[in-house]
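I have placed the structure first, in the form of structure tokens, so that the comments after it can refer back to it.
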Amino acid sequence: MDLDEVADRLYVLPPPEFTAAREAEARAAKDAGDVRLSRDIAKFRKPTVSAWAVNKAAREHPEELAELLEVGERLRAAWQEQDADALAELTQRRNAATGRLSRLIRQSGGLSPAAATEVDQTLDAAVVDADAADQVRRGHLAKPLSYSGFAPAPITRGRPARKKKPTPEEEADQAKERAEAEARERQEAEAAHREWQSALEAVTREYDERAEKVATLERMLAEARKELDDSRKRVEVTRREERNARQRIDR
């Protein structure tokens, strides 16, 4: 067992399960005599929901992620070469690849709008930054990534063309697309809320059951302590009487 193997197992787990699993892995390494590995495992940070979603995608959608990262690598190379035609083409491919992977991650459920935004920022960072790409590929993220540097973009040459005003039909289509997108986002948000609400009910029931068990055990312990104290007093009395009886014999 090495550190990467443990990280592979831990960082695909939902965040609520991470801490207990990390402690179990650290304990197992210590029991096996590898104290250094145990300490390193204990240093793993619990992932945010968005980081977990990207880690999960790295394992469940490797082809889509590989496509996106390959486009990012070519995009960075085209920027270095100042290849405007390649940049224009690769930017379109980047948008399509990012959109596909982002939708797959959202479809898995459980993401709030804020977490979904962090997922998109992490994917964008992986496209424009080689180090971020490597982190996303490994699938061991503990927090979302972001990139604040200058991102590769198509180089414009000459005066940019004036944007064509959309026709009424195009405006209607755009409005329809926006409405459909908003409806999808609302459905996703509602589905995520239902899942978390169900999870809350489950963990609340579990907590109540365990709290009741603890209360019962505490009552049993209190009764056992009282019985033990009664037994101790009887032992003291019996010991004293036995000593007195022995002294009478000696006399």
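By convention here, the chains of the structure tokens are called A, B, ... in the order presented, each chain's residues are numbered starting at 1, and ligands are numbered starting at 1 in the order presented.
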Exercise. Any idea what's packed within 12 Å of Lys43 of chain A, counting only C-alpha atoms, ignoring anything in its chain fewer than 2 positions away? Could you give it as a ChimeraX atom specification?
Worked result: /A:3,7,19,22-23,25-26,36-41,45-46,142
For this session: Write out as a PyMOL selection string each polymer residue whose atoms come within 12 Å of Val128 of chain A, counting only C-alpha atoms; drop sequence neighbours fewer than 4 positions from it.
Result: chain A and resi 68-80+90-91+94+121-124+132-134+145-153
Given the selection you just returned, output its residues as a file containing N, CA and C atoms, formatted as a CSV table (one decimal), in the first residue's frame.
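Below is the file again-v7.csv, written as the result:
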chain,number,residue,atom,x,y,z
A,68,LEU,N,-10.7,16.9,-23.1
A,68,LEU,CA,-10.6,18.3,-22.7
A,68,LEU,C,-9.2,18.7,-22.4
A,69,LEU,N,-8.4,17.9,-21.7
A,69,LEU,CA,-7.0,18.2,-21.4
A,69,LEU,C,-6.1,18.2,-22.6
A,70,GLU,N,-6.5,17.3,-23.6
A,70,GLU,CA,-5.7,17.3,-24.8
A,70,GLU,C,-5.9,18.6,-25.6
A,71,VAL,N,-7.2,19.0,-25.6
A,71,VAL,CA,-7.5,20.3,-26.3
A,71,VAL,C,-6.7,21.5,-25.6
A,72,GLY,N,-6.7,21.4,-24.3
A,72,GLY,CA,-6.0,22.4,-23.5
A,72,GLY,C,-4.5,22.5,-23.8
A,73,GLU,N,-3.9,21.3,-23.9
A,73,GLU,CA,-2.5,21.2,-24.2
A,73,GLU,C,-2.2,21.8,-25.6
A,74,ARG,N,-3.0,21.5,-26.6
A,74,ARG,CA,-2.9,22.0,-27.9
A,74,ARG,C,-3.1,23.5,-28.0
A,75,LEU,N,-4.1,23.9,-27.2
A,75,LEU,CA,-4.4,25.3,-27.1
A,75,LEU,C,-3.3,26.2,-26.6
A,76,ARG,N,-2.6,25.6,-25.5
A,76,ARG,CA,-1.4,26.3,-25.0
A,76,ARG,C,-0.3,26.4,-26.0
A,77,ALA,N,-0.1,25.3,-26.7
A,77,ALA,CA,0.9,25.3,-27.8
A,77,ALA,C,0.6,26.3,-28.9
A,78,ALA,N,-0.6,26.3,-29.3
A,78,ALA,CA,-1.0,27.3,-30.3
A,78,ALA,C,-0.8,28.7,-29.9
A,79,TRP,N,-1.0,29.0,-28.6
A,79,TRP,CA,-0.8,30.3,-28.1
A,79,TRP,C,0.7,30.7,-28.2
A,80,GLN,N,1.5,29.7,-27.8
A,80,GLN,CA,3.0,29.9,-27.8
A,80,GLN,C,3.4,30.2,-29.3
A,90,LEU,N,-9.4,25.6,-31.9
A,90,LEU,CA,-9.3,24.9,-30.6
A,90,LEU,C,-10.2,25.6,-29.5
A,91,THR,N,-10.4,26.9,-29.6
A,91,THR,CA,-11.3,27.5,-28.7
A,91,THR,C,-12.7,27.0,-28.8
A,94,ARG,N,-12.6,23.6,-27.3
A,94,ARG,CA,-12.6,23.7,-25.9
A,94,ARG,C,-14.0,23.9,-25.3
A,121,GLN,N,-14.9,26.5,-13.1
A,121,GLN,CA,-13.7,27.2,-12.9
A,121,GLN,C,-12.5,26.2,-12.9
A,122,THR,N,-12.7,25.1,-12.2
A,122,THR,CA,-11.6,24.1,-12.1
A,122,THR,C,-11.3,23.5,-13.5
A,123,LEU,N,-12.3,23.2,-14.3
A,123,LEU,CA,-12.1,22.7,-15.7
A,123,LEU,C,-11.4,23.8,-16.5
A,124,ASP,N,-11.8,25.0,-16.4
A,124,ASP,CA,-11.1,26.1,-17.1
A,124,ASP,C,-9.7,26.2,-16.8
A,132,ALA,N,-2.4,22.6,-13.3
A,132,ALA,CA,-3.8,22.4,-12.9
A,132,ALA,C,-4.3,21.1,-13.7
A,133,ALA,N,-3.9,21.0,-14.9
A,133,ALA,CA,-4.4,19.8,-15.7
A,133,ALA,C,-3.9,18.5,-15.1
A,134,ASP,N,-2.6,18.6,-14.6
A,134,ASP,CA,-2.1,17.4,-13.9
A,134,ASP,C,-2.8,17.0,-12.6
A,145,LEU,N,-10.0,24.6,-8.3
A,145,LEU,CA,-8.9,25.3,-8.8
A,145,LEU,C,-9.4,26.6,-9.6
A,146,SER,N,-8.6,27.5,-9.7
A,146,SER,CA,-8.9,28.7,-10.5
A,146,SER,C,-7.7,29.2,-11.2
A,147,TYR,N,-7.8,30.0,-12.2
A,147,TYR,CA,-6.7,30.5,-12.9
A,147,TYR,C,-6.9,32.0,-13.2
A,148,SER,N,-6.0,32.8,-12.7
A,148,SER,CA,-6.1,34.3,-12.8
A,148,SER,C,-5.2,34.9,-13.8
A,149,GLY,N,-4.4,34.0,-14.5
A,149,GLY,CA,-3.4,34.6,-15.5
A,149,GLY,C,-4.1,34.9,-16.8
A,150,PHE,N,-3.3,35.1,-17.8
A,150,PHE,CA,-3.8,35.5,-19.2
A,150,PHE,C,-4.1,34.2,-19.9
A,151,ALA,N,-5.4,33.9,-20.2
A,151,ALA,CA,-5.8,32.7,-20.8
A,151,ALA,C,-5.6,32.8,-22.3
A,152,PRO,N,-5.2,31.7,-23.0
A,152,PRO,CA,-5.1,31.7,-24.4
A,152,PRO,C,-6.4,32.0,-25.1
A,153,ALA,N,-6.4,32.8,-26.1
A,153,ALA,CA,-7.6,33.2,-26.8
A,153,ALA,C,-7.2,33.5,-28.3
For this session: Rank nothing, just name the residue among A:Val49, A:Ala115, A:Asp31, A:Gly139 nearest to His61 of chain A, using only C-alpha atoms.
Result: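 That would be A:Gly139, the residue with the smallest distance to His61 of chain A.
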For this session: Go through A:Pro14, A:Leu228, A:Ala126, A:Glu81 one by one, measure the shortest atom-to-atom distance of each to Ala66 of chain A using only C-alpha atoms, and give the residue with the smallest value.
Result: A:Ala126
